[in-house]
file final_33.txt (compact mmCIF, C-alpha atoms)
# COMPACT_ATOMS: atom_id res chain seq x y z
CA MET H 16 -25.32 -37.25 -7.50
CA ALA H 17 -28.07 -38.17 -9.88
CA MET H 18 -28.78 -36.21 -13.02
CA GLU H 19 -31.98 -34.81 -11.43
CA SER H 20 -29.88 -33.41 -8.57
CA VAL H 21 -27.66 -31.54 -11.02
CA GLU H 22 -30.81 -30.16 -12.57
CA ALA H 23 -32.02 -29.16 -9.11
CA VAL H 24 -28.78 -27.24 -8.48
CA VAL H 25 -29.16 -25.49 -11.84
CA ALA H 26 -32.78 -24.66 -10.93
CA HIS H 27 -31.57 -23.13 -7.64
CA ILE H 28 -29.00 -21.08 -9.56
CA GLN H 29 -31.66 -19.81 -11.97
CA GLY H 30 -34.07 -18.94 -9.15
CA LEU H 31 -31.67 -17.47 -6.59
CA SER H 32 -29.48 -15.04 -8.55
CA GLY H 33 -31.49 -11.85 -8.00
CA SER H 34 -31.17 -9.97 -4.72
CA GLN H 35 -28.16 -10.04 -2.37
CA GLU H 36 -30.15 -12.17 0.10
CA GLU H 37 -30.95 -14.72 -2.61
CA VAL H 38 -27.34 -14.86 -3.77
CA ALA H 39 -26.17 -15.34 -0.15
CA HIS H 40 -28.62 -18.24 0.25
CA LEU H 41 -27.48 -19.70 -3.08
CA HIS H 42 -23.86 -19.47 -1.93
CA SER H 43 -24.71 -21.59 1.11
CA LEU H 44 -26.47 -24.21 -1.04
CA LEU H 45 -23.61 -24.35 -3.55
CA LYS H 46 -21.02 -24.91 -0.83
CA GLN H 47 -23.05 -27.89 0.37
CA SER H 48 -23.13 -29.27 -3.18
CA GLU H 49 -19.40 -28.91 -3.95
CA ASP H 50 -18.40 -32.57 -3.53
CA ALA H 51 -21.39 -33.77 -5.48
CA LEU H 52 -20.68 -31.38 -8.35
CA ARG H 53 -17.06 -32.54 -8.51
CA SER H 54 -18.14 -36.18 -8.65
CA GLN H 55 -20.18 -35.36 -11.77
CA ALA H 56 -17.66 -32.91 -13.29
CA ALA H 57 -17.55 -34.59 -16.70
CA ARG H 58 -21.33 -34.18 -17.11
CA LEU H 59 -21.55 -30.51 -16.18
CA GLY H 60 -20.63 -29.19 -19.62
CA ALA H 61 -24.16 -29.81 -20.87
CA PHE H 62 -25.65 -27.38 -18.34
CA PHE H 63 -23.68 -24.22 -19.11
CA HIS H 64 -25.98 -23.19 -21.95
CA GLN H 65 -28.86 -23.01 -19.45
CA LEU H 66 -27.14 -20.26 -17.46
CA ASP H 67 -26.24 -16.66 -18.23
CA PRO H 68 -22.79 -15.89 -16.72
CA SER H 69 -23.67 -12.19 -16.35
CA VAL H 70 -26.78 -13.01 -14.28
CA HIS H 71 -25.97 -16.39 -12.72
CA THR H 72 -22.30 -15.60 -12.03
CA LEU H 73 -21.93 -17.36 -8.67
CA GLY H 74 -23.65 -20.58 -9.74
CA TYR H 75 -21.91 -20.60 -13.10
CA LEU H 76 -18.59 -20.20 -11.26
CA PHE H 77 -19.20 -23.21 -9.00
CA LEU H 78 -20.13 -25.38 -11.98
CA LEU H 79 -17.19 -24.15 -14.04
CA GLU H 80 -14.72 -24.73 -11.18
CA ALA H 81 -16.02 -28.28 -10.66
CA TYR H 82 -15.90 -28.91 -14.41
CA SER H 83 -12.32 -27.60 -14.69
CA SER H 84 -11.19 -29.90 -11.86
CA ASP H 85 -11.70 -32.88 -14.20
CA PRO H 86 -9.06 -33.46 -16.92
CA VAL H 87 -10.51 -32.10 -20.15
CA CYS H 88 -10.19 -34.25 -23.26
CA ARG H 89 -8.12 -32.85 -26.12
CA GLU H 90 -11.16 -32.47 -28.41
CA GLN H 91 -12.89 -30.42 -25.73
CA ASP H 92 -10.03 -27.94 -25.26
CA GLY H 93 -11.53 -25.31 -27.54
CA ASP H 94 -14.95 -25.38 -25.86
CA PHE H 95 -13.37 -25.37 -22.40
CA LEU H 96 -11.24 -22.28 -23.11
CA LEU H 97 -14.14 -20.50 -24.80
CA SER H 98 -16.42 -21.14 -21.82
CA ILE H 99 -13.92 -19.60 -19.42
CA VAL H 100 -13.23 -16.59 -21.66
CA GLU H 101 -16.95 -15.89 -22.03
CA PHE H 102 -17.42 -16.23 -18.27
CA ILE H 103 -14.53 -13.88 -17.43
CA ASN H 104 -15.84 -11.27 -19.85
CA SER H 105 -19.45 -11.45 -18.67
CA CYS H 106 -19.30 -12.30 -14.97
CA SER H 107 -20.34 -9.98 -12.15
CA ALA H 108 -17.35 -8.73 -10.16
CA GLU H 109 -19.53 -8.45 -7.06
CA GLN H 110 -20.51 -12.13 -7.19
CA ILE H 111 -17.07 -13.59 -7.96
CA ARG H 112 -15.69 -11.83 -4.89
CA LEU H 113 -18.03 -13.98 -2.80
CA ALA H 114 -15.96 -17.01 -3.85
CA PRO H 115 -12.57 -15.61 -4.92
CA GLU H 116 -10.77 -18.94 -4.40
CA LYS H 117 -13.12 -20.55 -6.97
CA PHE H 118 -12.53 -17.78 -9.49
CA ILE H 119 -8.76 -18.01 -9.00
CA SER H 120 -8.90 -21.79 -9.46
CA VAL H 121 -10.79 -21.42 -12.76
CA CYS H 122 -8.37 -18.77 -14.02
CA LYS H 123 -5.35 -20.89 -13.10
CA SER H 124 -6.86 -23.89 -14.94
CA PHE H 125 -7.29 -21.60 -17.93
CA LYS H 126 -3.68 -20.41 -17.67
CA ASP H 127 -2.39 -23.99 -17.40
CA LYS H 128 -4.41 -25.02 -20.47
CA VAL H 129 -3.15 -22.22 -22.75
CA MET H 130 0.41 -23.01 -21.63
CA GLN H 131 -0.15 -26.71 -22.31
CA LEU H 132 -1.46 -25.87 -25.79
CA GLN H 133 1.51 -23.49 -26.27
CA VAL H 134 -0.74 -20.53 -27.03
CA PRO H 135 0.02 -18.21 -24.08
CA ILE H 136 -0.94 -15.14 -26.10
CA GLN H 137 -4.59 -16.29 -26.01
CA GLY H 138 -4.64 -16.01 -22.24
CA ILE H 139 -3.32 -12.46 -21.88
CA VAL H 140 -6.47 -10.38 -22.40
CA PRO H 141 -8.81 -12.71 -20.45
CA LEU H 142 -6.45 -12.85 -17.44
CA ARG H 143 -6.05 -9.08 -17.42
CA THR H 144 -9.84 -8.76 -17.34
CA ALA H 145 -9.98 -11.36 -14.56
CA ILE H 146 -7.48 -9.39 -12.45
CA ARG H 147 -9.46 -6.17 -12.74
CA LYS H 148 -12.68 -7.93 -11.73
CA LEU H 149 -11.06 -9.71 -8.80
CA GLN H 150 -9.35 -6.61 -7.42
CA ALA H 151 -11.17 -4.45 -4.89
CA SER H 152 -8.80 -1.66 -6.03
CA SER H 153 -5.79 -1.28 -8.33
CA GLU H 154 -3.58 -1.20 -5.20
CA GLN H 155 -4.33 -4.88 -4.45
CA LEU H 156 -1.95 -7.64 -5.58
CA THR H 157 -3.81 -10.83 -6.49
CA THR H 158 -2.39 -14.29 -7.03
CA LEU H 159 -3.34 -13.90 -10.72
CA HIS H 160 -0.88 -11.04 -11.28
CA SER H 161 2.12 -13.36 -11.56
CA ASP H 162 0.20 -15.77 -13.83
CA TYR H 163 -0.63 -12.88 -16.14
CA LEU H 164 2.97 -11.68 -16.27
CA LEU H 165 4.17 -15.24 -16.95
CA LEU H 166 1.89 -15.44 -20.00
CA CYS H 167 3.22 -12.06 -21.20
CA LEU H 168 6.76 -13.39 -20.89
CA LEU H 169 6.03 -16.66 -22.69
CA ALA H 170 4.21 -14.83 -25.49
CA LYS H 171 6.94 -12.14 -25.60
CA CYS H 172 4.19 -9.50 -25.27
CA TYR H 173 6.22 -7.45 -22.83
CA LYS H 174 4.30 -4.20 -23.26
CA ALA H 175 1.07 -5.93 -22.26
CA GLY H 176 2.62 -6.54 -18.84
CA LEU H 177 3.00 -2.81 -18.20
CA SER H 178 -0.77 -2.44 -17.84
CA ILE H 179 -0.53 -3.93 -14.34
CA LEU H 180 3.14 -3.26 -13.57
CA ASP H 181 2.49 0.48 -13.62
CA ASP H 182 -0.01 0.15 -10.74
CA ASP H 183 1.13 1.12 -7.25
CA ILE H 184 0.73 -1.97 -5.05
CA PHE H 185 0.06 -1.55 -1.33
CA GLU H 186 -1.98 -4.66 -0.45
CA VAL H 187 -0.36 -8.12 -0.54
CA ASP H 188 -1.98 -11.28 0.80
CA GLN H 189 0.64 -13.95 0.07
CA PRO H 190 4.43 -13.32 0.11
CA ARG H 191 4.95 -15.72 -2.82
CA ASP H 192 2.65 -13.57 -4.97
CA LEU H 193 4.88 -10.54 -4.32
CA PHE H 194 8.10 -12.43 -5.05
CA LEU H 195 6.81 -13.77 -8.38
CA TYR H 196 5.13 -10.50 -9.37
CA CYS H 197 8.34 -8.51 -8.87
CA TYR H 198 10.56 -11.21 -10.43
CA TYR H 199 8.46 -11.52 -13.58
CA GLY H 200 8.08 -7.74 -13.62
CA GLY H 201 11.85 -7.40 -13.62
CA MET H 202 12.12 -9.82 -16.54
CA ILE H 203 9.48 -7.94 -18.56
CA ASN H 204 11.25 -4.63 -17.99
CA ILE H 205 14.55 -6.25 -19.02
CA GLY H 206 12.85 -7.39 -22.23
CA LEU H 207 11.81 -3.78 -22.85
CA LYS H 208 15.30 -2.54 -21.90
CA ARG H 209 13.77 -0.48 -19.08
CA TYR H 210 16.67 -1.32 -16.82
CA ARG H 211 15.87 1.21 -14.09
CA LYS H 212 12.38 -0.25 -13.65
CA ALA H 213 13.79 -3.79 -13.88
CA TRP H 214 16.29 -2.94 -11.13
CA GLU H 215 13.49 -1.64 -8.89
CA CYS H 216 11.43 -4.81 -9.35
CA LEU H 217 14.38 -7.13 -8.65
CA HIS H 218 15.43 -4.94 -5.72
CA ASN H 219 11.97 -5.47 -4.20
CA VAL H 220 12.47 -9.25 -4.42
CA ILE H 221 15.82 -9.43 -2.67
CA THR H 222 14.90 -6.91 0.03
CA ALA H 223 11.46 -8.38 0.80
CA PRO H 224 11.11 -9.90 4.29
CA MET H 225 12.11 -13.58 4.34
CA THR H 226 12.98 -16.01 7.10
CA THR H 227 14.37 -18.68 4.75
CA LEU H 228 16.04 -18.22 1.39
CA ASN H 229 13.85 -19.07 -1.59
CA ALA H 230 14.66 -19.93 -5.20
CA ILE H 231 12.87 -16.85 -6.54
CA ALA H 232 15.13 -14.53 -4.53
CA VAL H 233 18.25 -16.38 -5.71
CA GLU H 234 17.27 -16.12 -9.38
CA ALA H 235 16.28 -12.49 -8.88
CA TYR H 236 19.66 -11.67 -7.32
CA LYS H 237 21.48 -13.10 -10.34
CA LYS H 238 19.59 -10.74 -12.63
CA TYR H 239 19.88 -7.93 -10.09
CA ILE H 240 23.69 -8.14 -10.26
CA LEU H 241 23.68 -8.03 -14.07
CA VAL H 242 21.17 -5.18 -14.31
CA SER H 243 23.04 -3.18 -11.65
CA ILE H 244 26.25 -3.48 -13.66
CA ILE H 245 24.53 -2.40 -16.87
CA LEU H 246 22.94 0.56 -15.10
CA SER H 247 25.75 1.88 -12.93
CA GLY H 248 28.80 -0.34 -13.41
CA GLN H 249 28.64 -1.71 -9.87
CA VAL H 250 26.45 -3.72 -7.51
CA PRO H 251 25.20 -1.67 -4.55
CA LEU H 252 25.46 -2.94 -0.98
CA PHE H 253 22.39 -4.47 0.61
CA PRO H 254 20.29 -1.75 2.27
CA LYS H 255 19.80 -2.02 6.04
CA TYR H 256 16.21 -3.19 5.72
CA THR H 257 17.27 -6.34 3.79
CA SER H 258 16.61 -9.48 5.81
CA SER H 259 19.62 -11.09 7.50
CA THR H 260 18.76 -14.31 5.63
CA ALA H 261 19.26 -12.61 2.27
CA GLN H 262 22.40 -10.77 3.34
CA ARG H 263 24.04 -13.95 4.64
CA ASN H 264 23.14 -16.35 1.85
CA LEU H 265 22.46 -14.68 -1.50
CA LYS H 266 26.08 -14.12 -2.52
CA SER H 267 27.14 -17.67 -1.73
CA HIS H 268 24.37 -18.99 -4.01
CA THR H 269 25.34 -16.70 -6.90
CA GLN H 270 29.16 -16.87 -6.87
CA PRO H 271 29.71 -16.79 -10.68
CA TYR H 272 27.75 -13.53 -10.84
CA VAL H 273 29.63 -12.04 -7.91
CA ASP H 274 32.90 -12.95 -9.69
CA LEU H 275 31.60 -11.29 -12.87
CA ALA H 276 30.91 -8.07 -10.97
CA ASN H 277 34.42 -8.12 -9.47
CA CYS H 278 36.00 -8.62 -12.90
CA TYR H 279 33.89 -5.79 -14.33
CA ALA H 280 35.17 -3.44 -11.63
CA THR H 281 38.73 -3.83 -12.96
CA GLY H 282 37.66 -2.30 -16.29
CA THR H 283 39.72 -4.86 -18.21
CA PHE H 284 37.93 -6.36 -21.18
CA SER H 285 40.10 -9.49 -21.43
CA GLU H 286 39.64 -10.34 -17.74
CA LEU H 287 35.87 -9.90 -18.00
CA GLU H 288 35.70 -12.03 -21.14
CA GLY H 289 37.74 -14.75 -19.41
CA CYS H 290 35.32 -14.78 -16.47
CA ILE H 291 32.39 -15.15 -18.86
CA GLN H 292 34.02 -18.05 -20.66
CA THR H 293 34.78 -19.79 -17.37
CA ASN H 294 31.12 -19.62 -16.27
CA LEU H 295 29.53 -19.83 -19.72
CA GLU H 296 27.58 -23.03 -19.03
CA LYS H 297 26.18 -21.61 -15.79
CA PHE H 298 25.04 -18.40 -17.49
CA GLN H 299 23.41 -20.41 -20.28
CA SER H 300 21.60 -22.80 -17.93
CA ASP H 301 20.28 -19.80 -15.97
CA SER H 302 19.03 -18.23 -19.24
CA ASN H 303 21.08 -15.13 -18.45
CA LEU H 304 23.63 -15.24 -21.27
CA GLY H 305 21.89 -12.43 -23.17
CA LEU H 306 22.16 -10.15 -20.15
CA VAL H 307 25.78 -11.19 -19.61
CA LYS H 308 26.61 -10.15 -23.19
CA GLN H 309 25.02 -6.77 -22.49
CA VAL H 310 27.26 -6.47 -19.42
CA LEU H 311 30.25 -7.07 -21.70
CA SER H 312 29.03 -4.41 -24.14
CA SER H 313 28.39 -1.95 -21.31
CA LEU H 314 32.08 -2.09 -20.32
CA TYR H 315 32.94 -0.25 -23.54
CA LYS H 316 30.34 2.40 -22.71
CA ARG H 317 31.56 2.70 -19.14
CA ASN H 318 35.15 3.25 -20.35
CA ILE H 319 33.96 5.91 -22.82
CA GLN H 320 31.94 7.64 -20.10
CA ARG H 321 35.05 7.84 -17.92
CA LEU H 322 36.79 9.71 -20.74
CA THR H 323 34.08 12.41 -20.71
CA GLN H 324 35.02 13.22 -17.11
CA THR H 325 38.63 13.89 -18.07
CA TYR H 326 38.72 15.21 -21.63
CA LEU H 327 36.89 17.89 -23.61
CA THR H 328 38.14 16.68 -26.99
CA LEU H 329 39.55 13.33 -28.05
CA SER H 330 40.22 11.53 -31.33
CA LEU H 331 38.28 8.40 -32.25
CA GLN H 332 41.59 6.51 -32.30
CA ASP H 333 42.34 7.57 -28.73
CA ILE H 334 38.83 6.57 -27.65
CA ALA H 335 39.28 3.17 -29.31
CA ASN H 336 42.57 2.64 -27.47
CA ALA H 337 41.25 3.77 -24.09
CA ALA H 338 38.00 1.78 -24.36
CA GLN H 339 39.80 -1.34 -25.66
CA LEU H 340 37.99 -1.25 -29.02
CA LYS H 341 39.61 -2.64 -32.15
CA THR H 342 39.14 0.27 -34.58
CA PRO H 343 38.19 3.98 -34.64
CA ARG H 344 35.08 2.93 -36.59
CA GLU H 345 33.92 0.79 -33.67
CA ALA H 346 34.57 3.70 -31.33
CA GLU H 347 32.49 5.98 -33.56
CA MET H 348 29.55 3.56 -33.57
CA HIS H 349 29.62 3.26 -29.78
CA VAL H 350 29.81 7.04 -29.33
CA LEU H 351 26.91 7.60 -31.77
CA GLN H 352 24.76 5.04 -29.96
CA MET H 353 25.54 6.59 -26.58
CA ILE H 354 24.63 10.05 -27.93
CA GLN H 355 21.37 8.67 -29.28
CA ASP H 356 20.55 7.01 -25.94
CA GLY H 357 21.33 10.21 -24.03
CA GLU H 358 24.19 8.57 -22.11
CA ILE H 359 26.71 11.21 -23.18
CA PHE H 360 26.54 14.61 -24.88
CA ALA H 361 29.05 14.99 -27.71
CA THR H 362 29.59 15.90 -31.35
CA ILE H 363 31.80 14.10 -33.88
CA ASN H 364 33.80 15.96 -36.48
CA GLN H 365 33.85 13.54 -39.40
CA LYS H 366 36.57 15.53 -41.19
CA ASP H 367 39.34 15.12 -38.61
CA GLY H 368 37.87 12.24 -36.55
CA MET H 369 37.66 14.28 -33.36
CA VAL H 370 34.99 13.99 -30.66
CA SER H 371 34.00 16.97 -28.51
CA PHE H 372 32.28 16.25 -25.20
CA HIS H 373 29.66 18.65 -23.83
CA GLU H 374 27.70 19.32 -20.65
CA ASP H 375 24.06 18.23 -20.32
CA PRO H 376 22.11 20.84 -22.34
CA GLU H 377 18.92 20.40 -20.28
CA GLN H 378 18.04 23.72 -18.59
CA TYR H 379 14.87 22.42 -16.89
CA ILE H 380 12.83 25.34 -18.20
CA THR H 381 10.76 23.75 -20.97
CA CYS H 382 7.01 23.22 -20.54
CA GLY H 383 7.46 19.47 -20.87
CA MET H 384 10.08 19.34 -18.13
CA ILE H 385 8.02 21.58 -15.81
CA GLU H 386 4.99 19.31 -16.31
CA HIS H 387 7.16 16.27 -15.57
CA ILE H 388 8.49 17.82 -12.35
CA ASP H 389 4.99 18.89 -11.29
CA SER H 390 3.65 15.38 -11.96
CA SER H 391 6.49 13.85 -9.92
CA ILE H 392 5.81 16.20 -7.00
CA HIS H 393 2.11 15.32 -6.95
CA ARG H 394 2.94 11.63 -7.13
CA LEU H 395 5.34 11.92 -4.19
CA MET H 396 2.77 13.86 -2.17
CA ALA H 397 0.17 11.14 -2.80
CA LEU H 398 2.70 8.46 -1.85
CA SER H 399 3.64 10.31 1.33
CA LYS H 400 -0.03 10.55 2.31
CA LYS H 401 -0.56 6.85 1.62
CA LEU H 402 2.49 5.81 3.63
CA GLY H 403 1.37 8.01 6.51
CA SER H 404 -2.02 6.29 6.47
CA LEU H 405 -0.43 2.83 6.41
CA ASP H 406 1.93 3.78 9.23
CA GLU H 407 -0.97 5.00 11.38
CA HIS H 408 -2.95 1.84 10.63
CA MET H 409 -0.01 -0.38 11.58
CA SER H 410 0.71 1.62 14.73
CA CYS H 411 -2.83 0.88 15.91
CA ASP H 412 -2.89 -2.79 14.94
CA PRO H 413 -3.31 -4.94 18.09
CA ALA H 414 -1.28 -7.84 16.66
CA TYR H 415 1.61 -5.50 15.78
CA LEU H 416 1.57 -3.82 19.21
CA THR H 417 1.47 -7.20 20.92
CA ARG H 418 4.44 -8.42 18.89
CA ILE H 419 6.43 -5.29 19.61
CA GLY H 420 5.53 -5.57 23.28
CA LYS H 421 6.93 -9.09 23.44
CA GLU H 422 10.15 -8.15 21.66
CA ARG H 423 10.68 -4.96 23.66
CA PRO H 424 9.11 -5.38 27.11
CA ARG H 425 10.19 -1.96 28.28
CA PHE H 426 9.20 1.22 26.48
CA ASP H 427 9.92 4.85 26.99
CA PHE H 428 6.83 7.03 26.75
CA ASP H 429 8.37 8.80 23.76
CA GLU H 430 8.24 5.56 21.77
CA PHE H 431 4.45 5.80 21.64
CA ASP H 432 4.39 9.31 20.21
CA SER H 433 3.77 8.03 16.68
CA VAL H 434 0.56 6.29 17.83
CA PRO H 435 -2.46 8.59 17.71
CA HIS H 436 -3.63 9.17 21.30
CA LYS H 437 -7.23 8.37 20.45
CA PHE H 438 -6.20 4.73 19.91
CA LEU H 439 -4.30 4.34 23.18
call {"tool": "encode", "arguments": {"input": "final_33.txt", "output": "structure tokens"}}
result
Amino acid sequence: MAMESVEAVVAHIQGLSGSQEEVAHLHSLLKQSEDALRSQAARLGAFFHQLDPSVHTLGYLFLLEAYSSDPVCREQDGDFLLSIVEFINSCSAEQIRLAPEKFISVCKSFKDKVMQLQVPIQGIVPLRTAIRKLQASSEQLTTLHSDYLLLCLLAKCYKAGLSILDDDIFEVDQPRDLFLYCYYGGMINIGLKRYRKAWECLHNVITAPMTTLNAIAVEAYKKYILVSIILSGQVPLFPKYTSSTAQRNLKSHTQPYVDLANCYATGTFSELEGCIQTNLEKFQSDSNLGLVKQVLSSLYKRNIQRLTQTYLTLSLQDIANAAQLKTPREAEMHVLQMIQDGEIFATINQKDGMVSFHEDPEQYITCGMIEHIDSSIHRLMALSKKLGSLDEHMSCDPAYLTRIGKERPRFDFDEFDSVPHKFL
């Protein structure tokens, strides 16, 4: 493409970015010019200043995507990143959705560049903005979600990840996006010590439909075992809706972690410590040693919690002996931490070194608790309504009905009761 042709494309962008009809026509012209723009990628940087990303979004996007497809020189890194950030902040959401694959490509180039420069924190806010502009609704999972969470993990800005993890996701285009989103989400919640939320995210990975085992599910199951132990002291059985692929293969690919769970179940500190030492290199190479150490620490807590089910009063020395702690002082520190975390309800008499265990004092009558319960009820009602809508939509989907018809050639009339009659 000659320089004049690039100028002609820019002129089209400037003249056809008004009405929807003009933008649609421009989109057609830009798609015809894609190869030519890529062949001149290194020269496109000079044209960005002639366009306003808020007005000429679609054209600017095509130029930026072509420009980002060419390796950017080190001295140009700053200008390249700045151009993308300015575009993300200013662009029209309506126009980028006309070419979502281009927008995703630009954002991924941006993500790769901040990772290459080892400044992941600089990509967090722009990618979050990009996600919100790309989404048709907050219920949609985009391929940028996992990239955003990865940057949060690398920058150790775990709380920033909650801004999208707290959304309820109902629309997923690519299975890999869901696997990575839930896996990274589990890791962020582990970093924040929100183990219940981490467990839910990892649970979604291992129970997601899969026909072949994937590396994400294997790594998720390793963390799932550790988080399950920390939370409840045991690893639950696979639910019935887990794919047969996962049920058959996950344990055989995570044997050291399965052994760790079995040792934990004995309640013997020395046996658990021996298992950790045996598989130390494996836990380190998997970057799970920190979680494994928390599993070891949780055994003390689990042993103390068992005591609360049997005794009303116990000395710190007795607690130390029963929980396999070295001194009464260690027992006291563990009990105090568990009281602070709300894991047990107890008081310590410093004078005679006695601990009294109590029932949960929550009476569920405070205004705060009533508001919490009311909020939970409304949330469940909204979820029930949403699931009902999805179920109705699926029941009327021709592809689904055809698939079911092939798998079950004979139906009883009762089996169609869930399908609204107006669609039959």
call {"tool": "atom_distance", "arguments": {"input": "final_33.txt", "atom1": "atom CA of H:Phe125", "atom2": "atom CA of H:Asp181"}}
result
24.5 Å
call {"tool": "atom_distance", "arguments": {"input": "final_33.txt", "atom1": "atom CA of H:Glu347", "atom2": "atom CA of H:Glu288"}}
result
22.1 Å
call {"tool": "residues_around", "arguments": {"input": "final_33.txt", "residues": "H:Asp375", "least_positions_apart": "5", "cutoff": "10 Å", "atoms": "all atoms listed in the file", "output": "list in words"}}
result
Gly357, Glu358, Ile359, Phe360 and Ala361 of chain H
call {"tool": "write_last_selection", "arguments": {"input": "final_33.txt", "atoms": "C-alpha atoms", "output": "mmCIF file, keeping the file's coordinate frame"}}
result
data_model
loop_
_atom_site.group_PDB
_atom_site.id
_atom_site.type_symbol
_atom_site.label_atom_id
_atom_site.label_comp_id
_atom_site.auth_asym_id
_atom_site.auth_seq_id
_atom_site.Cartn_x
_atom_site.Cartn_y
_atom_site.Cartn_z
ATOM 1 C CA GLY H 357 21.330 10.210 -24.030
ATOM 2 C CA GLU H 358 24.190 8.570 -22.110
ATOM 3 C CA ILE H 359 26.710 11.210 -23.180
ATOM 4 C CA PHE H 360 26.540 14.610 -24.880
ATOM 5 C CA ALA H 361 29.050 14.990 -27.710
#
call {"tool": "residues_near_point", "arguments": {"input": "final_33.txt", "point": "(3.6, -13.3, -4.6)", "cutoff": "12 Å", "atoms": "all atoms listed in the file", "output": "ChimeraX atom specification"}}
result
/H:155-162,164,184,186-200,219-220,223,231-232
call {"tool": "atom_distance", "arguments": {"input": "final_33.txt", "atom1": "atom CA of H:Lys255", "atom2": "atom CA of H:Val233"}}
result
18.6 Å
call {"tool": "axis_aligned_box", "arguments": {"input": "final_33.txt", "around": "stretch 344-347 of chain H", "padding_each_side": "4 Å", "output": "JSON"}}
result
{"center_x": 33.8, "center_y": 3.4, "center_z": -34.0, "size_x": 10.6, "size_y": 13.2, "size_z": 13.3}
call {"tool": "residues_around", "arguments": {"input": "final_33.txt", "residues": "H:Ile221", "least_positions_apart": "4", "cutoff": "8 Å", "atoms": "all atoms listed in the file", "output": "PDB file with C-alpha atoms, in the frame of the given file"}}
result
ATOM      1  CA  LEU H 217      14.380  -7.130  -8.650  1.00  0.00           C
ATOM      2  CA  ALA H 232      15.130 -14.530  -4.530  1.00  0.00           C
ATOM      3  CA  VAL H 233      18.250 -16.380  -5.710  1.00  0.00           C
ATOM      4  CA  ALA H 235      16.280 -12.490  -8.880  1.00  0.00           C
ATOM      5  CA  TYR H 236      19.660 -11.670  -7.320  1.00  0.00           C
ATOM      6  CA  THR H 257      17.270  -6.340   3.790  1.00  0.00           C
ATOM      7  CA  ALA H 261      19.260 -12.610   2.270  1.00  0.00           C
TER       8      ALA H 261
END
call {"tool": "closest_residue", "arguments": {"input": "final_33.txt", "among": "H:Leu52, H:Met384, H:Ala23, H:Leu66", "to": "H:Tyr82", "atoms": "only C-alpha atoms"}}
result
H:Leu52
call {"tool": "residues_around", "arguments": {"input": "final_33.txt", "residues": "stretch 42-45 of chain H", "least_positions_apart": "3", "cutoff": "10 Å", "atoms": "only C-alpha atoms", "output": "PDB file with C-alpha atoms, in the coordinates of the input"}}
result
ATOM      1  CA  VAL H  24     -28.780 -27.240  -8.480  1.00  0.00           C
ATOM      2  CA  HIS H  27     -31.570 -23.130  -7.640  1.00  0.00           C
ATOM      3  CA  ILE H  28     -29.000 -21.080  -9.560  1.00  0.00           C
ATOM      4  CA  LEU H  31     -31.670 -17.470  -6.590  1.00  0.00           C
ATOM      5  CA  SER H  32     -29.480 -15.040  -8.550  1.00  0.00           C
ATOM      6  CA  GLU H  36     -30.150 -12.170   0.100  1.00  0.00           C
ATOM      7  CA  GLU H  37     -30.950 -14.720  -2.610  1.00  0.00           C
ATOM      8  CA  VAL H  38     -27.340 -14.860  -3.770  1.00  0.00           C
ATOM      9  CA  ALA H  39     -26.170 -15.340  -0.150  1.00  0.00           C
ATOM     10  CA  SER H  48     -23.130 -29.270  -3.180  1.00  0.00           C
ATOM     11  CA  GLU H  49     -19.400 -28.910  -3.950  1.00  0.00           C
ATOM     12  CA  ASP H  50     -18.400 -32.570  -3.530  1.00  0.00           C
ATOM     13  CA  ALA H  51     -21.390 -33.770  -5.480  1.00  0.00           C
ATOM     14  CA  LEU H  52     -20.680 -31.380  -8.350  1.00  0.00           C
ATOM     15  CA  LEU H  73     -21.930 -17.360  -8.670  1.00  0.00           C
ATOM     16  CA  GLY H  74     -23.650 -20.580  -9.740  1.00  0.00           C
ATOM     17  CA  PHE H  77     -19.200 -23.210  -9.000  1.00  0.00           C
ATOM     18  CA  LEU H  78     -20.130 -25.380 -11.980  1.00  0.00           C
ATOM     19  CA  GLN H 110     -20.510 -12.130  -7.190  1.00  0.00           C
ATOM     20  CA  LEU H 113     -18.030 -13.980  -2.800  1.00  0.00           C
ATOM     21  CA  ALA H 114     -15.960 -17.010  -3.850  1.00  0.00           C
TER      22      ALA H 114
END
call {"tool": "closest_residue", "arguments": {"input": "final_33.txt", "among": "H:Cys106, H:Lys117, H:Ala61, H:Asn364", "to": "H:Glu80", "atoms": "all atoms listed in the file"}}
result
H:Lys117
call {"tool": "closest_residue", "arguments": {"input": "final_33.txt", "among": "H:Gly282, H:Gly248, H:Lys174, H:Met225", "to": "H:Thr260", "atoms": "only C-alpha atoms"}}
result
H:Met225
call {"tool": "closest_residue", "arguments": {"input": "final_33.txt", "among": "H:Cys382, H:Leu142, H:Leu59, H:Ala108", "to": "H:Leu166", "atoms": "only C-alpha atoms"}}
result
H:Leu142
call {"tool": "residues_around", "arguments": {"input": "final_33.txt", "residues": "H:Leu246", "least_positions_apart": "3", "cutoff": "7 Å", "atoms": "only C-alpha atoms", "output": "MDAnalysis selection string"}}
result
chainID H and resid 210 242:243
call {"tool": "closest_residue", "arguments": {"input": "final_33.txt", "among": "H:Lys212, H:Ser153, H:Ser107, H:Thr269", "to": "H:Asp183", "atoms": "all atoms listed in the file"}}
result
H:Ser153
call {"tool": "closest_residue", "arguments": {"input": "final_33.txt", "among": "H:Arg321, H:His71, H:Lys308, H:Lys126", "to": "H:Ala145", "atoms": "all atoms listed in the file"}}
result
H:Lys126
call {"tool": "residues_near_point", "arguments": {"input": "final_33.txt", "point": "(-13.0, -33.2, -8.4)", "cutoff": "6 Å", "atoms": "only C-alpha atoms", "output": "PDB file with C-alpha atoms, keeping the file's coordinate frame"}}
result
ATOM      1  CA  ARG H  53     -17.060 -32.540  -8.510  1.00  0.00           C
ATOM      2  CA  SER H  54     -18.140 -36.180  -8.650  1.00  0.00           C
ATOM      3  CA  SER H  84     -11.190 -29.900 -11.860  1.00  0.00           C
ATOM      4  CA  ASP H  85     -11.700 -32.880 -14.200  1.00  0.00           C
TER       5      ASP H  85
END
